[in-house]
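Trainee: Let me begin by handing over the structure; questions about it come next.
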2 protein chains.
Amino acid sequence: MLRMRTRLLFSGFEAGQGWFQACLTGLAALFLLMLSAPATADTISELRSPNGQIKIEAGELGGRPFYRVSRADKPVIANSRLGFMLADQPKLDGGFAVMATERASGNETWEQPWGEARYIKNHYQEMTLQFREGEGRKRTYSVRFRAFDDGIGFRYEFPDQAGLQTVQIAEEKTEFVIAEPGTAWWIPAGEWNRYEYLYQRTPVKEVPQVHTPMTIRTASGLHLSFHEAALVDYSAMWLRRVEGQRFVSQLSPSANGPKVVREAPFNTPWRTIQISPDAAGLVTSHLILNLNEPNALGDVSWVKPHKYVGIWWEMHINKSTWGSGPTHGATTVNAKRYIDFAARHGFRGVLIEGWNVGWDGNWFGGESGFDFTKAYPDFDLEAVAAYARLKNVRLIGHHETAANVANYEPQLDAALKLYARLGVDSIKTGYVADAGGARVQGADGVVRHEWHDGQAMSRHHLHVVKEAARQKIAINAHEPIKDTGLRRTYPNWVAREGARGQEYNAWGSPTNPPEHEVNLVFTRLLSGPMDYTPGIFQLKPTLGQNQVLTTLSKQLALYVALYSPIQMAADLPEHYEANMAPFQFIKDVPTDWEETRVLNGEVGDYVTIARKDRNSQDWFLGAITDENPRNLTVGLSFLTPAKTYRAHIYRDGPKAHFKDNPYPIVIETRNVTSRSSLPLALAPGGGQAVRFEAME
Amino acid sequence: MLRMRTRLLFSGFEAGQGWFQACLTGLAALFLLMLSAPATADTISELRSPNGQIKIEAGELGGRPFYRVSRADKPVIANSRLGFMLADQPKLDGGFAVMATERASGNETWEQPWGEARYIKNHYQEMTLQFREGEGRKRTYSVRFRAFDDGIGFRYEFPDQAGLQTVQIAEEKTEFVIAEPGTAWWIPAGEWNRYEYLYQRTPVKEVPQVHTPMTIRTASGLHLSFHEAALVDYSAMWLRRVEGQRFVSQLSPSANGPKVVREAPFNTPWRTIQISPDAAGLVTSHLILNLNEPNALGDVSWVKPHKYVGIWWEMHINKSTWGSGPTHGATTVNAKRYIDFAARHGFRGVLIEGWNVGWDGNWFGGESGFDFTKAYPDFDLEAVAAYARLKNVRLIGHHETAANVANYEPQLDAALKLYARLGVDSIKTGYVADAGGARVQGADGVVRHEWHDGQAMSRHHLHVVKEAARQKIAINAHEPIKDTGLRRTYPNWVAREGARGQEYNAWGSPTNPPEHEVNLVFTRLLSGPMDYTPGIFQLKPTLGQNQVLTTLSKQLALYVALYSPIQMAADLPEHYEANMAPFQFIKDVPTDWEETRVLNGEVGDYVTIARKDRNSQDWFLGAITDENPRNLTVGLSFLTPAKTYRAHIYRDGPKAHFKDNPYPIVIETRNVTSRSSLPLALAPGGGQAVRFEAME
């Protein structure tokens with residue numbers, strides 16, 4: 001008895017205060033002691049990554065499942081608890097023993113149908129601990145851990161069992177106790193039904209409740225990204241700091257009681273921690289993808305990476321309207337103008353927003369009545385589609401749902417089939433939910449407001465993607481649920497928004513600051529491709545005071561720095577045709593890559609990324625900086641040795657500055673080889689874009 | 001149109017980022033602009049406290065209800081938004097205009113039937129703003145503001161209206177943007193189903209999600225306490241820091257979907273901010289009580305402040321057990337021993353825990369089966385009660401529910417009537433909910449896990465108090481919902497636990513540190529009386545390593561420092577009878593006060609409180625310190641002039657120290673008058689207790 005008590009106290013000390021300590025030191029500990037509950041022996045198992053650097057230790061301390069992580073024998077995650085609060089049963093918390101430990105490993109290289117890299121190495125060691133209660137209901141669950149050289153992942157697995165069939169999760173209680181002080185980059189969670197915030201940079205101990213990915217640089221220089229993989233039929237995990245550097249999972253709410261309801265057997269999403277000695281390593285980590293299931297769709301050659309233009313920015317800058325009337329943007333005439341422009345300059349896609357009935361009135365007020373197959377009278381969908389086919393251009397469909405899922409889902413099948421019939425093979429969806437949540441019909445027929453990232457919406461988004469796949473249509477979701485790597489399993493889920501995009505530069509207050517896109521590379525982009533819509537050339541786009549706070553050259557560099565298999569040339573055709581020289585880079589840059597190298601970079605400060613075109617021998621480079629100018633030099637050793645490349649360089653001109661002199665751009669060419677080095681002179685808020693054209 | 005936009009942007013800037021800014025700057029702002037919603041004019045009304053120092057400004061900015069607070073023209077609360085997320089309707093957020101502004105004032109002095117002060121001054125200015133939507137459902141609500149000289153309060157009032165009958169609140173969105181940097185004292189919320197944490201002291205910008213009261217000392221020395229008053233049929237308000245110093249209300253969850261469901265008309269609890277230039281002012285503020293409704297019970301002379309002993313500490317230190325068996329604490333024999341002791345030393349009450357069936361097995365595991373009327377065989381309830389009556393002692397009833405409300409409520413009536421029949425006029429209730437929540441049966445008959453401070457439990461606690469009042473029984477709830485001043489309306493709700501009590505010194509890890517009780521004075525105690533159970537004389541109570549980290553003298557001082565109308569002498573009778581000299585103070589100290597003065601103090605460091613006995617001319621003083629020794633001098637001007645008092649002083653002896661020398665105590669007397677001053681020499685972790693006995 002005394003031994004048991006000593007151990008309980010010890011683990012309490014180790015884990016700090018709060019949920020852990022209070023439970024250990026509360027009446028529970030006392031009564032455990034007094035009622036002679038059988039003491040389980042501490043069980044700790046160890047798992048190391050293939051190169052041995054990253055170590056996971058997990059098991060139970062005093063009957064409480066836990067894990068911890070170290071790298072090079074230095075703690076990264078201190079003792080952190082695992083468990084669940086349930087809505088209808090005692091919580092899954094203490095009183096557990098490790099019944100079995102299974103080990104496995106994986107080492108494969110798989111090919112992406114499209115992506116930032118063609119081949120992905122998936123090399124890990126695996127350990128699965130089966131926990132079971134010693135008394136009472138004797139409930140059981142397992143935790144599967146995988147250790148990679150670039151981080152770790154683990155998930156809970158609930159087997160079929162008599163004592164726990166319908167699992168009603170009131171809260172997941174997965175802790176992340178960050179061992180070392182550090183700086184964090186984050187956006188708040190729990191506030192608004194979107195991810196559209198500016199990233200904040202604070203000490204870890206000032207982080208409140210945040211979305212993932214959350215990026216941390218520790219005092220010793222380690223870079224961490226906390227996120228999740230394969231968010232399927234479950235609520236998104238937020239991270240809430242409890243005290244000090246201790247975080248706990250906080251699932252996105254449900255309008256109907258328990259945050260998650262699932263029938264066993266089922267698995268939770270993977271909880272992931274990417275670990276890298278430098279910022280660059282986070283960007284090139286494929287851990288999230290590796291923890292997703294392989295392609296479930298078979299042949300996906302119909303998913304085509306591409307660039308597109310569209311009727312979109314002109315509404316944002318108030319030149320035309322989504323709604324009907326004299327300034328309606330989506331007219332037949334205007335659509336043909338964009339199709340002509342796309343055909344002339346080699347863009348595969350033309351997005352047309354505002355063509356369908358429903359945009360008039362307070363559509364974002366939550367009770368929208370969009371009709372997804374009925375066009376406004378001034379838009380002849382059949383004729384426009386025919387014209388596009390004639391011009392060898394694909395229309396990009398648009399489904400703004402206003403998050404009124406109860407209105408959208410009954411129309412989904414017809415809406416997809418309409419587009420499929422017209423040759424539309426990708427759709428941008430939208431979920432503007434300003435009225436206070438997505439309107440989702442429950443199994444009981446009642447329509448409730450759901451969070452954009454709760455279980456109901458995780459189901460909805462995947463439902464749309466699967467239904468679209470049946471019609472060979474790709475999905476680009478705006479105001480989406482966050483990306484957790486599901487593009488591996490469903491390669492038609494090509495991109496998302498899910499952060500503050502370029503559109504805020506039209507009407508935001510403030511507009512995106514110069515550090516914003518650099519922040520995105522090391523935060524939002526770690527989760528997957530983002531449809532940021534770069535390429536604004538008219539940097540004071542409205543008559544108002546709003547301004548795009550980048551140089552012109554940086555707008556070009558974004559096409560390489562911010563990965564997406566679909567990239568918009570977001571500005572108006574006339575702005576491109578008046579600036580054909582810089583526009584050439586947008587025309588040249590591909591959207592599908594053989595491989596990606598991050599040449600330098602610090603979170604939120606600057607980054608230089610080089611990517612090799614998947615369909616040629618060309619390489620491309622994008623370098624971007626925050627409000628500070630940078631003079632960097634990069635070696636070109638990534639180029640194929642002994643090969644000569646013509647470097648088409650687009651760089652900030654003399655005295656360029658995001659604030660008051662954004663337009664100067666120098667476009668020059670020089671020949672380089674893998675032994676060359678390239679100076680990068682980035683203006684404040686500037687950037688540099690390079691095409692390395694492989695010569696014969 | 002342009003004017004409207006300018007205003008929107010302006011308010012966005014003022015309020016900072018996040019929910020506010022994102023909404024203002026998101027598509028909503030854009031579309032408001034584009035769709036020609038009628039611009040409402042900003043409306044700002046001003047309310048000043050009676051002395052003019054505290055100013056509330058409130059109204060709407062760009063259609064969004066807001067408020068701000070200043071003191072002496074210095075901002076205390078910057079622009080902070082008001083509103084709600086609803087489960088079934090668009091949120092109550094933007095698009096509101098002020099339809100009416102009503103003003104009122106109050107200036108009265110009311111008498112407490114018992115309390116820390118007999119007469120309470122309630123002096124305020126009031127302003128009620130009626131907000132109404134300009135379009136759509138044209139929903140309406142009011143916000144009633146009151147400005148006192150010691151702070152502010154406001155509540156939402158929902159009138160009967162066609163468009164909003166059943167109000168399903170998904171979240172309340174009341175912001176508190178703290179204008180100045182500061183230091184905060186807090187415990188985390190959202191972790192565990194209790195308030196039993198050690199208070200943490202951090203910069204405001206490191207506060208996570210916390211319970212109220214939260215105490216803040218700003219850089220300029222202002223002291224603030226954030227809390228609520230009159231929590232009735234609603235979920236407790238937590239405070240979640242969103243970013244910087246911006247907090248937002250976070251209602252305790254409900255297991256059944258919306259956090260609160262109410263039929264209009266109804267009012268929310270008052271949201272309160274106490275404001276004082278010094279720490280002492282927080283302790284003597286009666287703002288919370290003033291915002292509660294007057295006594296609803298009529299004659300409550302049957303509620304008797306008192307001291308008590310009981311069968312309790314011996315279980316905590318493992319000398320006996322709650323459960324049955326050879327070491328069962330609640331036996332007839334043992335109960336009579338405590339009754340004898342109480343009668344001998346003038347204690348009115350004897351608490352007996354563990355007498356009723358249900359303590360054996362895993363009772364705290366959430367599915368307890370307590371029987372509230374059936375005694376264990378070794379406890380003869382009728383005989384013990386008769387013996388108590390014979391000795392002129394009152395038994396104190398005990399209802400440990402293990403938070404199994406579904407088990408308790410059906411038995412409540414019989415359980416109360418049993419006690420009433422036996423002359424028991426106060427009951428200690430308990431809600432140990434270690435299994436993950438209170439088990440509450442919903443209207444649909446389903447038993448769900450509810451948070452200890454959600455709407456369901458706010459209803460339950462008040463139900464028990466009201467039912468107890470019908471039997472003329474007082475309630476002292478442990479593991480309760482927090483106190484919000486309802487003792488004014490229901491004076492039989494005499495005290496609660498609701499913080500880490502003395503019991504943690506028996507088995508906690510760590511035990512309560514020396515600063516703990518000083519923290520309590522300026523945090524938990526601001527909400528209302530706490531049954532801390534002071535008076536431990538054997539400071540190493542078990543064979544283990546646990547130690548009460550105070551001096552003996554401090555244990556005496558706690559009776560004055562920690563206000564409660566019921567106070568336990570918590571230690572074993574034999575420990576008191578072996579130390580009769582210090583025990584005399586416990587015998588002498590009253591529990592009902594005519595008035596209270598805070599002579600000095602700093603949050604978490606030290607405090608000296610003087611209180612005048614309500615039933616004599618005597619004054620009492622308690623001074624306590626944290627781990628640091630203090631040499632303080634207090635003037636005794638609070639004593640009646642020209643009167644002589646014999647000061648019975650209980651002070652730390654030479655070299656007394658909480659750690660290794662806690663017992664030295666000097667007991668001495670001297671005569672003093674209101675012109676005297678008294679030196680207070682407090683040892684590390686020490687305290688001083690004084691009875692000023694009024695002489696003829």
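Chain lettering (A, B, ...) mirrors the order of the structure tokens, residue numbering begins at 1 for each chain separately, and ligand numbering begins at 1 in order of display.
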For chain B against chain A, which residues fall within 6 Å using only C-alpha atoms, given as a PyMOL selection string?

Mentor: chain B and resi 19+25+85+87-88+90-91+191-192+205-206+208+255-257+435-436+448-449+508-509

Trainee: May I have the selected residues written with all heavy atoms, as a short mmCIF file (atom, residue, chain, number, x, y, z; two decimals), in the first residue's frame?

Mentor:
```cif
data_model
loop_
_atom_site.label_atom_id
_atom_site.label_comp_id
_atom_site.auth_asym_id
_atom_site.auth_seq_id
_atom_site.Cartn_x
_atom_site.Cartn_y
_atom_site.Cartn_z
N TRP B 19 -12.55 37.34 -32.67
CA TRP B 19 -13.96 37.21 -32.98
C TRP B 19 -14.49 38.52 -33.52
O TRP B 19 -15.11 38.58 -34.57
CB TRP B 19 -14.70 36.82 -31.70
CG TRP B 19 -16.13 36.42 -31.90
CD1 TRP B 19 -16.60 35.41 -32.71
CD2 TRP B 19 -17.28 36.97 -31.27
NE1 TRP B 19 -17.96 35.32 -32.62
CE2 TRP B 19 -18.41 36.26 -31.74
CE3 TRP B 19 -17.48 38.00 -30.35
CZ2 TRP B 19 -19.70 36.55 -31.32
CZ3 TRP B 19 -18.76 38.27 -29.94
CH2 TRP B 19 -19.87 37.56 -30.42
N THR B 25 -14.23 42.23 -40.26
CA THR B 25 -13.41 42.38 -41.46
C THR B 25 -13.65 41.24 -42.42
O THR B 25 -13.08 41.22 -43.49
CB THR B 25 -11.93 42.42 -41.08
OG1 THR B 25 -11.62 41.18 -40.44
CG2 THR B 25 -11.65 43.56 -40.14
N MET B 85 -24.21 33.20 -29.21
CA MET B 85 -24.38 32.23 -30.27
C MET B 85 -25.59 31.38 -29.90
O MET B 85 -25.70 30.93 -28.75
CB MET B 85 -23.16 31.30 -30.37
CG MET B 85 -21.82 32.00 -30.38
SD MET B 85 -21.41 32.72 -31.97
CE MET B 85 -20.83 31.25 -32.84
N ALA B 87 -28.26 28.04 -30.78
CA ALA B 87 -28.18 26.71 -31.37
C ALA B 87 -29.10 26.53 -32.56
O ALA B 87 -28.88 25.66 -33.40
CB ALA B 87 -28.51 25.65 -30.31
N ASP B 88 -30.14 27.35 -32.63
CA ASP B 88 -31.17 27.11 -33.64
C ASP B 88 -31.53 28.35 -34.43
O ASP B 88 -32.43 28.31 -35.25
CB ASP B 88 -32.43 26.55 -32.97
CG ASP B 88 -33.00 27.55 -31.95
OD1 ASP B 88 -32.23 28.41 -31.47
OD2 ASP B 88 -34.19 27.46 -31.64
N PRO B 90 -29.88 32.36 -36.07
CA PRO B 90 -28.66 33.16 -36.26
C PRO B 90 -28.23 33.80 -34.95
O PRO B 90 -29.07 34.09 -34.08
CB PRO B 90 -29.10 34.22 -37.28
CG PRO B 90 -30.21 33.57 -38.03
CD PRO B 90 -30.93 32.70 -37.04
N LYS B 91 -26.95 33.99 -34.79
CA LYS B 91 -26.44 34.54 -33.54
C LYS B 91 -26.96 35.95 -33.28
O LYS B 91 -27.33 36.66 -34.21
CB LYS B 91 -24.92 34.53 -33.56
CG LYS B 91 -24.29 35.35 -34.67
CD LYS B 91 -22.78 35.09 -34.74
CE LYS B 91 -22.17 35.80 -35.96
NZ LYS B 91 -20.76 35.47 -36.12
N GLU B 191 -11.20 21.58 -16.74
CA GLU B 191 -10.35 20.42 -16.55
C GLU B 191 -11.03 19.32 -15.76
O GLU B 191 -11.12 18.20 -16.18
CB GLU B 191 -9.08 20.84 -15.78
CG GLU B 191 -8.08 21.47 -16.67
CD GLU B 191 -7.78 20.57 -17.83
OE1 GLU B 191 -6.96 19.67 -17.68
OE2 GLU B 191 -8.36 20.77 -18.92
N TRP B 192 -11.47 19.68 -14.59
CA TRP B 192 -11.89 18.68 -13.65
C TRP B 192 -13.19 19.15 -13.06
O TRP B 192 -13.48 20.34 -13.03
CB TRP B 192 -10.81 18.55 -12.56
CG TRP B 192 -10.92 17.36 -11.70
CD1 TRP B 192 -11.25 16.09 -12.10
CD2 TRP B 192 -10.70 17.30 -10.30
NE1 TRP B 192 -11.22 15.26 -11.03
CE2 TRP B 192 -10.89 15.96 -9.91
CE3 TRP B 192 -10.36 18.23 -9.35
CZ2 TRP B 192 -10.76 15.55 -8.60
CZ3 TRP B 192 -10.21 17.82 -8.05
CH2 TRP B 192 -10.40 16.49 -7.68
N LYS B 205 -1.54 38.07 -19.42
CA LYS B 205 -1.41 37.51 -20.76
C LYS B 205 -1.00 36.04 -20.76
O LYS B 205 -0.87 35.44 -21.82
CB LYS B 205 -0.46 38.34 -21.61
CG LYS B 205 0.97 38.30 -21.13
CD LYS B 205 1.84 39.20 -21.99
CE LYS B 205 3.28 39.13 -21.47
NZ LYS B 205 4.18 39.95 -22.27
N GLU B 206 -0.80 35.45 -19.58
CA GLU B 206 -0.54 34.01 -19.51
C GLU B 206 -1.72 33.24 -18.92
O GLU B 206 -1.62 32.03 -18.69
CB GLU B 206 0.73 33.75 -18.67
CG GLU B 206 1.99 34.27 -19.31
CD GLU B 206 3.22 34.03 -18.45
OE1 GLU B 206 3.18 33.17 -17.56
OE2 GLU B 206 4.21 34.74 -18.67
N PRO B 208 -4.96 31.14 -18.91
CA PRO B 208 -5.65 30.33 -19.92
C PRO B 208 -7.17 30.46 -19.77
O PRO B 208 -7.69 31.57 -19.80
CB PRO B 208 -5.15 28.92 -19.61
CG PRO B 208 -4.90 28.91 -18.13
CD PRO B 208 -4.55 30.34 -17.75
N ALA B 255 -24.61 18.52 -21.29
CA ALA B 255 -24.50 17.22 -21.97
C ALA B 255 -25.54 17.07 -23.07
O ALA B 255 -25.50 16.11 -23.82
CB ALA B 255 -24.67 16.10 -20.94
N ASN B 256 -26.42 18.04 -23.18
CA ASN B 256 -27.59 17.83 -24.04
C ASN B 256 -27.67 18.83 -25.17
O ASN B 256 -28.75 19.12 -25.67
CB ASN B 256 -28.85 17.89 -23.17
CG ASN B 256 -29.98 17.10 -23.79
OD1 ASN B 256 -29.76 16.38 -24.76
ND2 ASN B 256 -31.16 17.25 -23.26
N GLY B 257 -26.54 19.43 -25.58
CA GLY B 257 -26.56 20.33 -26.71
C GLY B 257 -26.34 21.77 -26.28
O GLY B 257 -25.26 22.11 -25.80
N ALA B 435 -15.85 10.33 -11.40
CA ALA B 435 -16.02 9.47 -12.57
C ALA B 435 -16.21 10.27 -13.84
O ALA B 435 -16.32 9.68 -14.92
CB ALA B 435 -17.22 8.55 -12.36
N GLY B 436 -16.25 11.58 -13.73
CA GLY B 436 -16.32 12.34 -14.97
C GLY B 436 -17.59 13.14 -15.11
O GLY B 436 -18.01 13.43 -16.22
N ARG B 448 -27.31 11.61 -17.96
CA ARG B 448 -26.11 12.06 -18.65
C ARG B 448 -25.11 12.63 -17.64
O ARG B 448 -25.49 13.07 -16.57
CB ARG B 448 -26.44 13.13 -19.69
CG ARG B 448 -27.35 12.67 -20.81
CD ARG B 448 -27.60 13.82 -21.79
NE ARG B 448 -28.49 13.40 -22.86
CZ ARG B 448 -29.82 13.41 -22.78
NH1 ARG B 448 -30.40 13.85 -21.70
NH2 ARG B 448 -30.55 13.01 -23.80
N HIS B 449 -23.86 12.68 -18.07
CA HIS B 449 -22.83 13.33 -17.26
C HIS B 449 -22.87 14.83 -17.49
O HIS B 449 -22.67 15.30 -18.59
CB HIS B 449 -21.45 12.80 -17.63
CG HIS B 449 -21.17 11.43 -17.08
ND1 HIS B 449 -20.04 10.73 -17.37
CD2 HIS B 449 -21.88 10.66 -16.24
CE1 HIS B 449 -20.07 9.57 -16.74
NE2 HIS B 449 -21.17 9.50 -16.06
N GLY B 508 -3.00 15.43 0.40
CA GLY B 508 -2.70 16.05 -0.89
C GLY B 508 -1.24 15.97 -1.25
O GLY B 508 -0.38 15.80 -0.39
N SER B 509 -0.99 16.10 -2.50
CA SER B 509 0.39 16.15 -2.95
C SER B 509 0.49 17.18 -4.05
O SER B 509 0.06 16.92 -5.16
CB SER B 509 0.82 14.79 -3.49
OG SER B 509 2.07 14.89 -4.14
#
```

Trainee: Mind checking which residues fall within 7 Å of Thr644 (chain B), counting only C-alpha atoms, ignoring those fewer than 3 positions away in the same chain, and posting them as number ranges by chain?

Mentor: B: 671-673, 694-695

Trainee: Would you list the contacts of region 285-293 of chain A as a list in words, taking every protein, DNA or RNA residue within 6 Å and counting only C-alpha atoms, but skipping same-chain residues closer than 4 positions in sequence?

Mentor: Asn122, Ala229, Ala230, Gly485 and Thr489 of chain A

Trainee: Region 118-166 of chain A: which residues are strand (DSSP E or B) by DSSP, as number ranges by chain?

Mentor: A: 119-133, 140-148, 151-158, 166

Trainee: Restricted to N, CA and C atoms, what would the selected residues look like written as an mmCIF file, in the first residue's frame?

Mentor:
```cif
data_model
loop_
_atom_site.group_PDB
_atom_site.id
_atom_site.type_symbol
_atom_site.label_atom_id
_atom_site.label_comp_id
_atom_site.auth_asym_id
_atom_site.auth_seq_id
_atom_site.Cartn_x
_atom_site.Cartn_y
_atom_site.Cartn_z
ATOM 1 N N TYR A 119 7.511 11.187 -54.791
ATOM 2 C CA TYR A 119 7.715 9.980 -53.987
ATOM 3 C C TYR A 119 7.823 10.350 -52.516
ATOM 4 N N ILE A 120 7.130 9.591 -51.728
ATOM 5 C CA ILE A 120 7.088 9.853 -50.290
ATOM 6 C C ILE A 120 7.616 8.618 -49.566
ATOM 7 N N LYS A 121 8.604 8.849 -48.736
ATOM 8 C CA LYS A 121 9.146 7.747 -47.949
ATOM 9 C C LYS A 121 8.375 7.647 -46.632
ATOM 10 N N ASN A 122 7.954 6.444 -46.332
ATOM 11 C CA ASN A 122 7.171 6.204 -45.111
ATOM 12 C C ASN A 122 7.906 5.150 -44.286
ATOM 13 N N HIS A 123 8.700 5.612 -43.353
ATOM 14 C CA HIS A 123 9.582 4.732 -42.602
ATOM 15 C C HIS A 123 9.337 4.955 -41.123
ATOM 16 N N TYR A 124 8.864 3.936 -40.433
ATOM 17 C CA TYR A 124 8.508 4.115 -39.014
ATOM 18 C C TYR A 124 8.653 2.823 -38.236
ATOM 19 N N GLN A 125 8.734 2.992 -36.935
ATOM 20 C CA GLN A 125 8.598 1.889 -35.993
ATOM 21 C C GLN A 125 7.285 2.087 -35.262
ATOM 22 N N GLU A 126 6.632 1.003 -34.949
ATOM 23 C CA GLU A 126 5.289 1.088 -34.368
ATOM 24 C C GLU A 126 5.176 0.263 -33.100
ATOM 25 N N MET A 127 4.382 0.771 -32.171
ATOM 26 C CA MET A 127 4.122 0.055 -30.917
ATOM 27 C C MET A 127 2.662 0.309 -30.546
ATOM 28 N N THR A 128 1.951 -0.765 -30.279
ATOM 29 C CA THR A 128 0.549 -0.628 -29.886
ATOM 30 C C THR A 128 0.368 -1.177 -28.479
ATOM 31 N N LEU A 129 -0.111 -0.313 -27.598
ATOM 32 C CA LEU A 129 -0.361 -0.733 -26.217
ATOM 33 C C LEU A 129 -1.851 -0.949 -26.029
ATOM 34 N N GLN A 130 -2.197 -2.105 -25.532
ATOM 35 C CA GLN A 130 -3.597 -2.351 -25.209
ATOM 36 C C GLN A 130 -3.818 -2.120 -23.725
ATOM 37 N N PHE A 131 -4.652 -1.141 -23.425
ATOM 38 C CA PHE A 131 -4.981 -0.831 -22.026
ATOM 39 C C PHE A 131 -6.313 -1.484 -21.654
ATOM 40 N N ARG A 132 -6.386 -1.990 -20.428
ATOM 41 C CA ARG A 132 -7.668 -2.515 -19.960
ATOM 42 C C ARG A 132 -7.872 -2.174 -18.497
ATOM 43 N N GLU A 133 -9.094 -1.836 -18.169
ATOM 44 C CA GLU A 133 -9.431 -1.576 -16.767
ATOM 45 C C GLU A 133 -9.314 -2.855 -15.966
ATOM 46 N N THR A 140 -11.664 -1.544 -22.542
ATOM 47 C CA THR A 140 -10.336 -1.621 -23.135
ATOM 48 C C THR A 140 -10.229 -0.703 -24.348
ATOM 49 N N TYR A 141 -9.053 -0.165 -24.536
ATOM 50 C CA TYR A 141 -8.737 0.527 -25.784
ATOM 51 C C TYR A 141 -7.243 0.415 -26.002
ATOM 52 N N SER A 142 -6.835 0.633 -27.221
ATOM 53 C CA SER A 142 -5.407 0.593 -27.534
ATOM 54 C C SER A 142 -4.939 1.960 -27.982
ATOM 55 N N VAL A 143 -3.650 2.178 -27.847
ATOM 56 C CA VAL A 143 -3.036 3.365 -28.434
ATOM 57 C C VAL A 143 -1.907 2.889 -29.336
ATOM 58 N N ARG A 144 -2.016 3.246 -30.601
ATOM 59 C CA ARG A 144 -0.999 2.862 -31.579
ATOM 60 C C ARG A 144 -0.044 4.037 -31.774
ATOM 61 N N PHE A 145 1.205 3.828 -31.469
ATOM 62 C CA PHE A 145 2.234 4.863 -31.613
ATOM 63 C C PHE A 145 3.095 4.566 -32.831
ATOM 64 N N ARG A 146 3.427 5.593 -33.572
ATOM 65 C CA ARG A 146 4.424 5.442 -34.629
ATOM 66 C C ARG A 146 5.510 6.488 -34.433
ATOM 67 N N ALA A 147 6.733 6.022 -34.502
ATOM 68 C CA ALA A 147 7.885 6.923 -34.397
ATOM 69 C C ALA A 147 8.557 7.005 -35.762
ATOM 70 N N PHE A 148 8.609 8.214 -36.285
ATOM 71 C CA PHE A 148 9.291 8.495 -37.546
ATOM 72 C C PHE A 148 10.562 9.292 -37.224
ATOM 73 N N GLY A 151 9.240 12.824 -36.496
ATOM 74 C CA GLY A 151 8.189 13.095 -35.525
ATOM 75 C C GLY A 151 7.438 11.847 -35.107
ATOM 76 N N ILE A 152 6.328 12.058 -34.466
ATOM 77 C CA ILE A 152 5.554 10.929 -33.966
ATOM 78 C C ILE A 152 4.070 11.137 -34.240
ATOM 79 N N GLY A 153 3.356 10.016 -34.214
ATOM 80 C CA GLY A 153 1.901 10.059 -34.273
ATOM 81 C C GLY A 153 1.348 8.959 -33.389
ATOM 82 N N PHE A 154 0.163 9.170 -32.876
ATOM 83 C CA PHE A 154 -0.519 8.086 -32.148
ATOM 84 C C PHE A 154 -2.012 8.292 -32.260
ATOM 85 N N ARG A 155 -2.723 7.192 -32.198
ATOM 86 C CA ARG A 155 -4.179 7.274 -32.211
ATOM 87 C C ARG A 155 -4.757 6.268 -31.230
ATOM 88 N N TYR A 156 -5.956 6.537 -30.809
ATOM 89 C CA TYR A 156 -6.706 5.614 -29.960
ATOM 90 C C TYR A 156 -7.489 4.672 -30.860
ATOM 91 N N GLU A 157 -7.552 3.410 -30.447
ATOM 92 C CA GLU A 157 -8.322 2.424 -31.202
ATOM 93 C C GLU A 157 -9.291 1.734 -30.246
ATOM 94 N N PHE A 158 -10.558 1.829 -30.526
ATOM 95 C CA PHE A 158 -11.593 1.222 -29.685
ATOM 96 C C PHE A 158 -12.064 -0.064 -30.347
ATOM 97 N N THR A 166 -21.513 1.884 -28.070
ATOM 98 C CA THR A 166 -21.642 3.240 -28.592
ATOM 99 C C THR A 166 -20.801 4.137 -27.701
#
```

Trainee: Mind pulling up the distance from CA of Gly358 (chain B) to CA of Asn505 (chain B)?

Mentor: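 CA of Gly358 (chain B) lies at a distance of 25.6 Å from CA of Asn505 (chain B).
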
Trainee: Nearest to Ile311 (chain B) among B:Ala569, B:Val260, B:Leu520, B:Gly221, with distances taken over only C-alpha atoms: which residue is it?

Mentor: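 Looking at the shortest contact to Ile311 (chain B), the residue is B:Ala569.
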
Trainee: Can you tell me which residues surround Ile624 (chain B) at a distance of at most 9 Å, considering only C-alpha atoms, apart from same-chain residues fewer than 5 positions away, and format the answer as a PyMOL selection string?

Mentor: chain B and resi 517-518+554+557-558+561+605-608+682+685-689
